[in-house]
file query26.tsv (TSV, C-alpha atoms and all ligand atoms)
chain	number	residue	atom	x	y	z
A	1	MET	CA	110.71	57.41	108.16
A	2	LYS	CA	109.55	58.77	111.49
A	3	THR	CA	106.46	61.00	111.63
A	4	ILE	CA	107.19	64.66	110.98
A	5	LYS	CA	105.00	66.81	113.20
A	6	LYS	CA	104.30	70.52	113.20
A	7	SER	CA	105.71	72.53	116.09
A	8	ASP	CA	103.79	72.63	119.36
A	9	ARG	CA	103.57	76.40	118.98
A	10	LEU	CA	101.16	75.84	116.07
A	11	GLY	CA	98.98	73.51	118.14
A	12	ASN	CA	96.39	76.11	119.18
A	13	VAL	CA	96.55	78.29	116.10
A	14	HIS	CA	93.33	78.50	114.06
A	15	TYR	CA	93.05	80.23	110.72
A	16	GLU	CA	89.94	79.58	108.68
A	17	LEU	CA	90.17	82.10	105.84
A	18	ARG	CA	92.00	79.50	103.78
A	19	GLY	CA	90.85	76.45	105.77
A	20	PRO	CA	88.49	73.49	105.15
A	21	LEU	CA	85.78	75.57	103.45
A	22	ALA	CA	88.24	76.97	100.93
A	23	GLU	CA	89.62	73.47	100.40
A	24	GLU	CA	86.11	72.15	99.71
A	25	ALA	CA	85.53	75.01	97.25
A	26	TYR	CA	88.77	74.08	95.50
A	27	ARG	CA	87.69	70.43	95.33
A	28	MET	CA	84.33	71.46	93.82
A	29	GLU	CA	86.12	73.60	91.24
A	30	GLN	CA	88.31	70.63	90.30
A	31	ASN	CA	85.04	68.78	89.63
A	32	GLY	CA	84.03	71.47	87.17
A	33	GLU	CA	81.72	73.52	89.40
A	34	THR	CA	81.84	77.31	89.41
A	35	ILE	CA	82.19	78.77	92.88
A	36	LEU	CA	81.63	82.38	93.84
A	37	LYS	CA	84.37	83.00	96.38
A	38	LEU	CA	83.42	85.64	98.90
A	39	ASN	CA	85.98	84.54	101.47
A	40	ILE	CA	89.04	86.76	100.93
A	41	GLY	CA	89.25	90.51	100.40
A	42	ASN	CA	91.33	90.35	97.25
A	43	PRO	CA	90.19	93.22	95.00
A	44	TYR	CA	92.19	91.99	92.00
A	45	SER	CA	90.08	88.81	91.81
A	46	PHE	CA	87.03	90.96	91.06
A	47	GLY	CA	88.37	93.22	88.34
A	48	PHE	CA	89.95	95.97	90.47
A	49	THR	CA	93.42	96.87	89.30
A	50	ALA	CA	96.09	99.11	90.75
A	51	PRO	CA	96.35	102.69	89.48
A	52	ASP	CA	98.47	102.95	86.27
A	53	ALA	CA	100.78	105.44	87.99
A	54	GLN	CA	101.86	102.77	90.47
A	55	LEU	CA	102.07	99.97	87.93
A	56	ASN	CA	104.24	102.16	85.67
A	57	LYS	CA	106.49	102.98	88.61
A	58	LEU	CA	106.99	99.28	89.24
A	59	GLY	CA	108.24	98.86	85.68
A	60	GLU	CA	110.45	101.97	85.78
A	61	ASN	CA	112.06	100.91	89.04
A	62	ALA	CA	112.64	97.25	88.28
A	63	ARG	CA	116.33	97.83	87.55
A	64	ASN	CA	116.90	99.79	90.77
A	65	SER	CA	115.21	97.20	92.95
A	66	GLN	CA	117.52	94.28	92.58
A	67	GLY	CA	119.42	94.52	95.83
A	68	TYR	CA	118.41	94.22	99.47
A	69	SER	CA	117.46	97.54	101.02
A	70	GLU	CA	118.07	98.71	104.59
A	71	SER	CA	115.87	96.54	106.78
A	72	HIS	CA	113.58	99.49	107.64
A	73	GLY	CA	113.14	100.34	103.97
A	74	ILE	CA	114.35	102.71	101.26
A	75	ASP	CA	114.54	106.45	102.00
A	76	SER	CA	111.73	107.51	99.68
A	77	ALA	CA	109.32	105.04	101.29
A	78	ILE	CA	110.29	105.98	104.84
A	79	GLU	CA	109.95	109.71	104.09
A	80	ALA	CA	106.53	109.20	102.51
A	81	ILE	CA	105.29	107.13	105.46
A	82	LEU	CA	106.67	109.75	107.84
A	83	ARG	CA	104.70	112.45	106.01
A	84	TYR	CA	101.61	110.24	106.06
A	85	ALA	CA	101.98	109.74	109.83
A	86	GLU	CA	102.28	113.54	110.21
A	87	GLN	CA	99.11	114.06	108.17
A	88	LYS	CA	97.31	111.64	110.47
A	89	GLY	CA	98.56	113.61	113.48
A	90	ILE	CA	100.64	110.74	114.86
A	91	PRO	CA	103.11	112.29	117.33
A	92	ASN	CA	106.76	111.61	118.09
A	93	VAL	CA	107.71	109.65	114.96
A	94	THR	CA	111.13	109.74	113.32
A	95	ALA	CA	112.49	107.73	110.41
A	96	THR	CA	113.80	105.00	112.70
A	97	ASP	CA	110.27	104.42	114.01
A	98	ILE	CA	109.09	103.27	110.59
A	99	TYR	CA	109.41	99.74	109.23
A	100	THR	CA	108.27	98.53	105.84
A	101	GLY	CA	107.03	94.96	105.64
A	102	ASN	CA	105.94	92.26	103.23
A	103	GLY	CA	102.37	93.30	103.86
A	104	ALA	CA	101.13	94.45	107.24
A	105	SER	CA	100.80	90.71	107.94
A	106	GLU	CA	104.54	90.21	108.30
A	107	LEU	CA	104.83	93.14	110.71
A	108	ILE	CA	101.89	91.95	112.80
A	109	GLN	CA	103.69	88.64	113.32
A	110	ILE	CA	107.08	90.29	113.94
A	111	SER	CA	105.76	92.85	116.41
A	112	LEU	CA	103.98	90.15	118.43
A	113	ASP	CA	106.89	87.68	118.25
A	114	ALA	CA	109.18	90.38	119.60
A	115	LEU	CA	106.83	91.14	122.50
A	116	LEU	CA	105.08	88.12	123.91
A	117	ASN	CA	106.35	85.54	126.38
A	118	PRO	CA	104.32	82.44	127.24
A	119	GLY	CA	101.41	83.52	129.40
A	120	ASP	CA	101.58	87.23	128.51
A	121	GLU	CA	98.08	88.44	127.78
A	122	ILE	CA	97.00	90.55	124.86
A	123	LEU	CA	93.53	92.00	124.34
A	124	ILE	CA	92.19	91.36	120.83
A	125	PRO	CA	88.68	92.16	119.61
A	126	THR	CA	86.02	89.61	118.86
A	127	PRO	CA	85.19	89.53	116.04
A	128	ASP	CA	88.70	90.14	114.76
A	129	TYR	CA	90.78	89.93	111.63
A	130	PRO	CA	91.94	86.43	112.53
A	131	LEU	CA	95.62	86.94	111.80
A	132	TRP	CA	95.86	88.90	115.06
A	133	THR	CA	94.63	86.01	117.20
A	134	ALA	CA	96.59	83.44	115.20
A	135	ALA	CA	99.83	85.45	115.31
A	136	ALA	CA	99.57	86.24	119.02
A	137	THR	CA	98.85	82.58	119.81
A	138	PHE	CA	101.75	81.46	117.63
A	139	SER	CA	103.99	83.92	119.49
A	140	GLY	CA	103.14	82.11	122.71
A	141	GLY	CA	100.90	84.85	124.10
A	142	LYS	CA	97.51	84.30	125.68
A	143	VAL	CA	94.79	85.96	123.64
A	144	VAL	CA	91.98	87.50	125.66
A	145	HIS	CA	89.10	88.56	123.44
A	146	TYR	CA	87.14	91.69	124.25
A	147	LEU	CA	83.72	92.27	122.80
A	148	CYS	CA	82.80	94.58	119.99
A	149	ASP	CA	79.12	95.22	120.50
A	150	GLU	CA	76.75	94.85	117.57
A	151	GLN	CA	74.04	96.77	119.50
A	152	SER	CA	76.41	99.76	119.66
A	153	SER	CA	77.44	99.90	116.00
A	154	TRP	CA	80.09	97.23	116.68
A	155	TYR	CA	82.16	99.61	118.83
A	156	PRO	CA	84.51	98.08	121.42
A	157	ASP	CA	82.76	97.44	124.75
A	158	LEU	CA	84.88	99.51	127.13
A	159	ASP	CA	83.58	97.83	130.28
A	160	ASP	CA	84.40	94.44	128.82
A	161	ILE	CA	87.93	95.62	128.01
A	162	GLU	CA	88.44	97.01	131.48
A	163	SER	CA	87.11	93.84	133.15
A	164	LYS	CA	89.57	91.66	131.24
A	165	ILE	CA	92.77	93.47	132.16
A	166	THR	CA	95.08	91.63	134.54
A	167	TYR	CA	98.66	92.22	135.69
A	168	LYS	CA	99.70	90.03	132.74
A	169	THR	CA	98.05	92.19	130.07
A	170	LYS	CA	100.70	93.78	127.87
A	171	ALA	CA	98.79	95.26	124.98
A	172	ILE	CA	95.47	95.98	123.34
A	173	VAL	CA	94.77	95.59	119.62
A	174	ILE	CA	92.18	97.62	117.76
A	175	ILE	CA	91.22	97.22	114.11
A	176	ASN	CA	89.91	100.56	112.89
A	177	PRO	CA	88.25	100.73	110.41
A	178	ASN	CA	87.23	97.21	111.16
A	179	ASN	CA	87.35	93.97	109.28
A	180	PRO	CA	84.92	92.12	109.46
A	181	THR	CA	82.29	94.59	110.76
A	182	GLY	CA	83.08	97.69	108.66
A	183	ALA	CA	82.81	99.89	111.80
A	184	ILE	CA	84.76	103.13	112.18
A	185	TYR	CA	85.40	104.09	115.79
A	186	PRO	CA	84.49	107.63	116.82
A	187	ARG	CA	87.00	109.85	118.56
A	188	GLU	CA	85.28	109.52	121.97
A	189	ILE	CA	85.62	105.73	121.92
A	190	LEU	CA	89.26	105.98	120.85
A	191	GLU	CA	89.98	108.49	123.63
A	192	LYS	CA	88.50	106.11	126.17
A	193	ILE	CA	90.64	103.24	124.87
A	194	VAL	CA	93.70	105.50	125.16
A	195	ASP	CA	92.69	106.30	128.72
A	196	ILE	CA	92.45	102.59	129.55
A	197	ALA	CA	95.85	101.94	127.95
A	198	ARG	CA	97.35	104.88	129.85
A	199	ARG	CA	95.99	103.75	133.22
A	200	HIS	CA	97.07	100.13	132.75
A	201	ASP	CA	100.33	100.79	130.92
A	202	LEU	CA	99.31	98.89	127.78
A	203	ILE	CA	100.83	99.13	124.32
A	204	ILE	CA	98.24	100.03	121.68
A	205	PHE	CA	98.41	98.16	118.37
A	206	SER	CA	96.16	99.76	115.77
A	207	ASP	CA	95.52	98.05	112.44
A	208	GLU	CA	94.48	100.85	110.07
A	209	ILE	CA	94.82	99.13	106.71
A	210	TYR	CA	91.32	100.36	105.73
A	211	ASP	CA	91.78	103.98	106.85
A	212	ARG	CA	91.51	105.31	103.29
A	213	LEU	CA	88.62	102.98	102.39
A	214	VAL	CA	85.79	104.80	104.09
A	215	LEU	CA	82.28	104.97	102.69
A	216	ASP	CA	80.59	108.21	101.72
A	217	GLY	CA	83.13	110.68	103.13
A	218	GLU	CA	83.42	109.17	106.63
A	219	LYS	CA	86.71	109.87	108.45
A	220	ALA	CA	88.93	107.40	110.28
A	221	THR	CA	90.94	108.86	113.17
A	222	SER	CA	94.24	107.24	114.03
A	223	ILE	CA	94.21	106.33	117.72
A	224	ALA	CA	97.93	107.13	117.94
A	225	SER	CA	97.10	110.77	117.20
A	226	LEU	CA	95.22	110.87	120.53
A	227	ALA	CA	97.95	109.11	122.48
A	228	PRO	CA	101.16	111.17	122.65
A	229	ASP	CA	102.00	109.65	126.03
A	230	VAL	CA	101.25	105.98	125.20
A	231	PHE	CA	103.43	103.64	123.16
A	232	CYS	CA	101.53	102.86	119.94
A	233	ILE	CA	102.23	100.75	116.88
A	234	THR	CA	100.12	101.59	113.85
A	235	MET	CA	99.87	99.15	110.92
A	236	ASN	CA	99.00	100.17	107.38
A	237	GLY	CA	99.76	99.31	103.76
A	238	LEU	CA	98.77	99.50	100.11
A	239	SER	CA	97.09	96.09	99.72
A	240	LYS	CA	93.58	97.47	99.94
A	241	SER	CA	93.83	101.20	99.25
A	242	HIS	CA	95.74	100.62	96.03
A	243	MET	CA	94.40	97.16	95.18
A	244	LEU	CA	97.97	95.86	95.37
A	245	CYS	CA	97.61	92.86	97.70
A	246	GLY	CA	99.97	90.74	95.64
A	247	TYR	CA	102.90	93.14	95.89
A	248	ARG	CA	102.95	92.77	99.69
A	249	ILE	CA	103.47	96.39	100.70
A	250	GLY	CA	102.87	97.26	104.33
A	251	TRP	CA	104.41	99.33	107.09
A	252	MET	CA	104.25	100.06	110.79
A	253	VAL	CA	104.88	103.24	112.73
A	254	LEU	CA	106.04	103.40	116.35
A	255	SER	CA	104.84	106.52	118.12
A	256	GLY	CA	104.05	108.21	121.41
A	257	ASN	CA	105.97	107.47	124.57
A	258	LYS	CA	108.85	105.13	123.73
A	259	GLU	CA	110.80	105.73	126.93
A	260	GLY	CA	110.52	102.25	128.39
A	261	ALA	CA	110.38	100.45	125.07
A	262	SER	CA	114.02	100.31	123.96
A	263	ASP	CA	114.45	96.60	124.72
A	264	TYR	CA	111.26	95.72	122.84
A	265	ILE	CA	112.38	97.91	119.92
A	266	ASP	CA	115.72	96.02	119.93
A	267	GLY	CA	113.65	92.85	119.52
A	268	ILE	CA	111.72	94.31	116.60
A	269	ASN	CA	115.01	95.40	115.01
A	270	MET	CA	116.44	91.93	115.49
A	271	LEU	CA	113.49	90.28	113.72
A	272	THR	CA	113.27	92.82	110.91
A	273	ASN	CA	117.03	92.51	110.37
A	274	MET	CA	116.71	88.73	110.27
A	275	ARG	CA	114.29	88.92	107.34
A	276	LEU	CA	116.81	91.34	105.67
A	277	CYS	CA	114.27	93.67	104.07
A	278	SER	CA	110.79	93.90	102.60
A	279	ASN	CA	109.99	93.64	98.91
A	280	VAL	CA	112.03	96.47	97.32
A	281	PRO	CA	110.01	96.97	94.09
A	282	GLY	CA	106.97	97.40	96.31
A	283	GLN	CA	108.73	99.97	98.49
A	284	GLN	CA	109.61	101.99	95.38
A	285	ILE	CA	105.98	102.92	94.81
A	286	ILE	CA	104.99	103.90	98.35
A	287	ALA	CA	105.92	107.55	97.83
A	288	SER	CA	103.87	108.01	94.68
A	289	ALA	CA	100.98	105.97	96.10
A	290	LEU	CA	100.71	108.11	99.21
A	291	SER	CA	100.96	111.43	97.40
A	292	GLY	CA	97.99	113.04	95.73
A	293	LYS	CA	94.49	111.75	95.23
A	294	GLN	CA	93.74	108.18	96.15
A	295	ARG	CA	91.77	106.59	93.31
A	296	ALA	CA	90.19	104.06	95.64
A	297	GLU	CA	88.26	106.93	97.25
A	298	GLU	CA	86.00	107.12	94.21
A	299	TYR	CA	84.83	103.55	94.69
A	300	PHE	CA	83.53	104.44	98.14
A	301	LEU	CA	81.40	107.45	97.22
A	302	PRO	CA	77.71	107.13	96.22
A	303	GLY	CA	77.69	105.78	92.65
A	304	GLY	CA	81.12	104.19	93.14
A	305	ARG	CA	81.49	100.44	92.75
A	306	ILE	CA	82.13	99.45	96.33
A	307	TYR	CA	79.55	101.86	97.74
A	308	GLU	CA	76.88	100.36	95.47
A	309	GLN	CA	77.97	96.76	96.06
A	310	ASN	CA	77.86	97.24	99.84
A	311	ARG	CA	74.47	98.94	99.56
A	312	ILE	CA	72.95	96.15	97.52
A	313	VAL	CA	74.20	93.52	99.98
A	314	CYS	CA	72.77	95.40	102.98
A	315	ASP	CA	69.44	96.10	101.21
A	316	LYS	CA	69.04	92.47	100.16
A	317	ILE	CA	69.94	91.22	103.63
A	318	SER	CA	67.27	93.35	105.24
A	319	ASP	CA	64.72	91.67	102.93
A	320	ILE	CA	65.70	88.12	103.94
A	321	PRO	CA	63.70	86.86	106.93
A	322	GLY	CA	66.00	85.82	109.77
A	323	LEU	CA	68.94	88.00	108.64
A	324	SER	CA	70.04	91.46	109.75
A	325	VAL	CA	73.16	93.57	109.39
A	326	VAL	CA	74.70	96.73	110.80
A	327	ASN	CA	75.54	98.71	107.68
A	328	PRO	CA	79.32	99.00	107.30
A	329	LYS	CA	80.95	102.44	107.23
A	330	ALA	CA	84.22	101.32	105.66
A	331	ALA	CA	86.07	98.53	103.83
A	332	PHE	CA	84.24	96.00	101.66
A	333	TYR	CA	82.74	93.47	104.02
A	334	ALA	CA	79.41	92.82	105.69
A	335	PHE	CA	79.04	90.79	108.88
A	336	PRO	CA	75.36	89.79	109.00
A	337	LYS	CA	73.55	88.17	111.88
A	338	LEU	CA	71.51	84.97	111.57
A	339	ASP	CA	68.48	84.29	113.70
A	340	ILE	CA	69.85	80.98	114.95
A	341	LYS	CA	66.59	79.97	116.66
A	342	ARG	CA	64.69	80.28	113.41
A	343	PHE	CA	67.21	78.12	111.53
A	344	ASN	CA	68.19	76.01	114.52
A	345	ILE	CA	71.85	76.74	113.78
A	346	THR	CA	74.34	75.44	116.31
A	347	ASP	CA	77.38	75.13	114.05
A	348	ASP	CA	78.24	78.09	111.83
A	349	SER	CA	80.94	76.20	109.90
A	350	LEU	CA	78.33	73.61	108.95
A	351	PHE	CA	76.00	76.42	107.88
A	352	ALA	CA	78.73	77.85	105.60
A	353	MET	CA	79.57	74.39	104.25
A	354	ASP	CA	75.91	73.60	103.50
A	355	PHE	CA	75.52	76.94	101.72
A	356	LEU	CA	78.69	76.30	99.71
A	357	LYS	CA	77.58	72.83	98.65
A	358	GLN	CA	74.02	73.82	97.76
A	359	LYS	CA	74.46	77.29	96.32
A	360	LYS	CA	78.14	77.35	95.30
A	361	VAL	CA	78.98	80.48	97.29
A	362	LEU	CA	81.94	80.54	99.68
A	363	ILE	CA	81.59	82.68	102.80
A	364	ILE	CA	83.41	82.52	106.13
A	365	PRO	CA	81.45	81.82	109.32
A	366	GLY	CA	81.78	84.13	112.33
A	367	SER	CA	83.89	81.54	114.16
A	368	GLY	CA	86.57	82.22	111.52
A	369	PHE	CA	86.78	85.71	113.08
A	370	ASN	CA	86.92	84.34	116.62
A	371	TRP	CA	83.25	85.15	117.19
A	372	GLN	CA	81.95	82.79	119.86
A	373	MET	CA	78.29	82.41	118.85
A	374	PRO	CA	77.25	80.50	115.68
A	375	ASP	CA	75.15	83.46	114.52
A	376	HIS	CA	77.30	85.50	112.11
A	377	PHE	CA	79.17	85.20	108.85
A	378	ARG	CA	81.22	87.53	106.68
A	379	ILE	CA	80.61	88.37	103.05
A	380	VAL	CA	83.21	90.03	100.86
A	381	CYS	CA	81.39	92.69	98.81
A	382	LEU	CA	83.93	93.05	95.99
A	383	PRO	CA	82.16	91.46	92.98
A	384	ASP	CA	79.95	93.62	90.72
A	385	ALA	CA	76.58	94.68	92.12
A	386	SER	CA	74.76	92.19	89.85
A	387	VAL	CA	76.91	89.31	91.13
A	388	MET	CA	76.40	90.42	94.74
A	389	ALA	CA	72.64	90.64	94.14
A	390	ASP	CA	72.66	87.11	92.73
A	391	ALA	CA	74.70	85.83	95.70
A	392	MET	CA	72.21	87.38	98.12
A	393	ASP	CA	69.30	85.87	96.19
A	394	ARG	CA	70.97	82.46	96.46
A	395	LEU	CA	71.35	83.04	100.20
A	396	GLY	CA	67.67	84.00	100.50
A	397	ASP	CA	66.62	80.82	98.61
A	398	PHE	CA	68.94	78.69	100.71
A	399	LEU	CA	67.61	80.06	104.00
A	400	GLU	CA	63.97	79.63	102.99
A	401	ASP	CA	63.95	76.03	104.15
A	402	TYR	CA	67.30	75.71	105.96
A	403	HIS	CA	67.29	73.95	109.31
A	404	GLN	CA	70.19	72.33	111.08
B	501	LIG	N1	94.78	93.74	108.60
B	501	LIG	C1	93.49	93.61	108.23
B	501	LIG	C2	92.43	94.14	109.13
B	501	LIG	C3	93.16	92.98	107.04
B	501	LIG	O1	91.88	92.84	106.69
B	501	LIG	C4	94.19	92.45	106.22
B	501	LIG	C5	93.88	91.72	104.99
B	501	LIG	O2	92.75	91.43	104.67
B	501	LIG	C6	95.50	92.62	106.65
B	501	LIG	C7	95.77	93.26	107.84
B	501	LIG	C8	96.66	92.08	105.84
B	501	LIG	O3	97.22	93.12	105.11
B	501	LIG	P1	98.49	92.91	104.16
B	501	LIG	O4	97.98	92.53	102.81
B	501	LIG	O5	99.16	94.25	104.16
B	501	LIG	O6	99.33	91.86	104.76

call {"tool": "encode", "arguments": {"input": "query26.tsv", "output": "structure tokens"}}
result
Amino acid sequence: MKTIKKSDRLGNVHYELRGPLAEEAYRMEQNGETILKLNIGNPYSFGFTAPDAQLNKLGENARNSQGYSESHGIDSAIEAILRYAEQKGIPNVTATDIYTGNGASELIQISLDALLNPGDEILIPTPDYPLWTAAATFSGGKVVHYLCDEQSSWYPDLDDIESKITYKTKAIVIINPNNPTGAIYPREILEKIVDIARRHDLIIFSDEIYDRLVLDGEKATSIASLAPDVFCITMNGLSKSHMLCGYRIGWMVLSGNKEGASDYIDGINMLTNMRLCSNVPGQQIIASALSGKQRAEEYFLPGGRIYEQNRIVCDKISDIPGLSVVNPKAAFYAFPKLDIKRFNITDDSLFAMDFLKQKKVLIIPGSGFNWQMPDHFRIVCLPDASVMADAMDRLGDFLEDYHQ
């Protein structure tokens, strides 16, 4: 049989969240070792469950969910997302501007596939949620990373953005609140990004999947609400806010100035039609999930599980010589910095692999988030505070005599 090769389009795609480190962890588990996996933000793995109201709805609606829906989604879901967009102040949205997806992930890929030609440039943050870089690369686009600056609370570096725009730049992506840094961008920064997009005629993609997962009463502004005259695509979903990752419930909202975008929107319609529809049982619960109080909010207030877990991670990190962290304001991640001179670290994947093998904790190195220096890693802060404290103690022990 002749060799079967993957497509050339996959040649430059990197995606480490489930890569060699996770494979090594799996191998160790097969050998009977217990691994603490802090690599993926999957709340269910750490005892978080979806609200009963949504789980009951899934059961009640099972019989009505057997057929394909319209490719955009069922009416109740579209209406609820429309109302949610209104609450967030997102202008110029009608029902046809809303698409449900099998997670935001599917819509990220579709919206980039529909847009990018080989050589088209798209600005994506570094560090990023790596699906964005992988999906844009797979689409054939050229990813240009702009810096989020740790010295400035991990906010996007506006000068860096501006300096990287060329006549080929089609769009800018922001992730707000941010994975992996936990930053929330203030209004002034968002306004300046809108101004850049306006001046250079860029589409704004905003990934807001953590907008309801803000710590201690912080507020996340939707950039689209500040951009009535710019074409924006806002991504969101229930994976994190409702601890429902497995049901694959996401959506995107097109807003602002759509005047010149009809051909692109045709492309999006073509691709969403081709996948027929998103998971219908999942769509059935969007309306109830988006109405009323969001239970996840409680986890993020002082005394709440995620608030306390994040706090313990940040406190412990500040006690470990050679480590520092900008305290996250949202989501359930920390993105600490390593003093690479002290540990002589030149390869962050090796650092993560050594830590995994010695201390049985799986983390993802900064390079997995398209961070160029070997001086960061991401920790998922979802396990109980006592487990997080133990993981940080193991990290402290490991770093005591670590040298590459
Ligand atoms: N966007 C960001 C920033 C994420 O962190 C994640 C998952 O971790 C996703 C999108 C994927 O969301 P979904 O489960 O809706 O596909």

call {"tool": "residues_near_ligand", "arguments": {"input": "query26.tsv", "ligand": "ligand LIG 501 (chain B)", "cutoff": "9 Å", "atoms": "all atoms listed in the file", "output": "PDB file with C-alpha atoms, keeping the file's coordinate frame"}}
result
ATOM      1  CA  ILE A  40      89.040  86.760 100.930  1.00  0.00           C
ATOM      2  CA  GLY A  41      89.250  90.510 100.400  1.00  0.00           C
ATOM      3  CA  ASN A  42      91.330  90.350  97.250  1.00  0.00           C
ATOM      4  CA  GLY A 101     107.030  94.960 105.640  1.00  0.00           C
ATOM      5  CA  ASN A 102     105.940  92.260 103.230  1.00  0.00           C
ATOM      6  CA  GLY A 103     102.370  93.300 103.860  1.00  0.00           C
ATOM      7  CA  ALA A 104     101.130  94.450 107.240  1.00  0.00           C
ATOM      8  CA  SER A 105     100.800  90.710 107.940  1.00  0.00           C
ATOM      9  CA  GLU A 106     104.540  90.210 108.300  1.00  0.00           C
ATOM     10  CA  LEU A 107     104.830  93.140 110.710  1.00  0.00           C
ATOM     11  CA  ILE A 108     101.890  91.950 112.800  1.00  0.00           C
ATOM     12  CA  ASP A 128      88.700  90.140 114.760  1.00  0.00           C
ATOM     13  CA  TYR A 129      90.780  89.930 111.630  1.00  0.00           C
ATOM     14  CA  PRO A 130      91.940  86.430 112.530  1.00  0.00           C
ATOM     15  CA  LEU A 131      95.620  86.940 111.800  1.00  0.00           C
ATOM     16  CA  TRP A 132      95.860  88.900 115.060  1.00  0.00           C
ATOM     17  CA  ILE A 175      91.220  97.220 114.110  1.00  0.00           C
ATOM     18  CA  ASN A 176      89.910 100.560 112.890  1.00  0.00           C
ATOM     19  CA  PRO A 177      88.250 100.730 110.410  1.00  0.00           C
ATOM     20  CA  ASN A 178      87.230  97.210 111.160  1.00  0.00           C
ATOM     21  CA  ASN A 179      87.350  93.970 109.280  1.00  0.00           C
ATOM     22  CA  PRO A 180      84.920  92.120 109.460  1.00  0.00           C
ATOM     23  CA  ASP A 207      95.520  98.050 112.440  1.00  0.00           C
ATOM     24  CA  GLU A 208      94.480 100.850 110.070  1.00  0.00           C
ATOM     25  CA  ILE A 209      94.820  99.130 106.710  1.00  0.00           C
ATOM     26  CA  TYR A 210      91.320 100.360 105.730  1.00  0.00           C
ATOM     27  CA  MET A 235      99.870  99.150 110.920  1.00  0.00           C
ATOM     28  CA  ASN A 236      99.000 100.170 107.380  1.00  0.00           C
ATOM     29  CA  GLY A 237      99.760  99.310 103.760  1.00  0.00           C
ATOM     30  CA  LEU A 238      98.770  99.500 100.110  1.00  0.00           C
ATOM     31  CA  SER A 239      97.090  96.090  99.720  1.00  0.00           C
ATOM     32  CA  LYS A 240      93.580  97.470  99.940  1.00  0.00           C
ATOM     33  CA  LEU A 244      97.970  95.860  95.370  1.00  0.00           C
ATOM     34  CA  CYS A 245      97.610  92.860  97.700  1.00  0.00           C
ATOM     35  CA  GLY A 246      99.970  90.740  95.640  1.00  0.00           C
ATOM     36  CA  TYR A 247     102.900  93.140  95.890  1.00  0.00           C
ATOM     37  CA  ARG A 248     102.950  92.770  99.690  1.00  0.00           C
ATOM     38  CA  ILE A 249     103.470  96.390 100.700  1.00  0.00           C
ATOM     39  CA  GLY A 250     102.870  97.260 104.330  1.00  0.00           C
ATOM     40  CA  TRP A 251     104.410  99.330 107.090  1.00  0.00           C
ATOM     41  CA  ALA A 331      86.070  98.530 103.830  1.00  0.00           C
TER      42      ALA A 331
END

call {"tool": "closest_residue", "arguments": {"input": "query26.tsv", "among": "A:Tyr99, A:Lys192, A:Asn92, A:Lys164", "to": "Pro125 in chain A", "atoms": "only C-alpha atoms"}}
result
A:Lys164

call {"tool": "closest_residue", "arguments": {"input": "query26.tsv", "among": "A:His14, A:Lys337, A:Arg378, A:Arg342", "to": "Tyr402 in chain A", "atoms": "only C-alpha atoms"}}
result
A:Arg342

call {"tool": "atom_distance", "arguments": {"input": "query26.tsv", "atom1": "CA of Ile35 in chain A", "atom2": "CA of Gln358 in chain A"}}
result
10.7 Å

call {"tool": "closest_residue", "arguments": {"input": "query26.tsv", "among": "A:Leu338, A:Leu323, A:Ala114, A:Val313", "to": "Leu271 in chain A", "atoms": "only C-alpha atoms"}}
result
A:Ala114
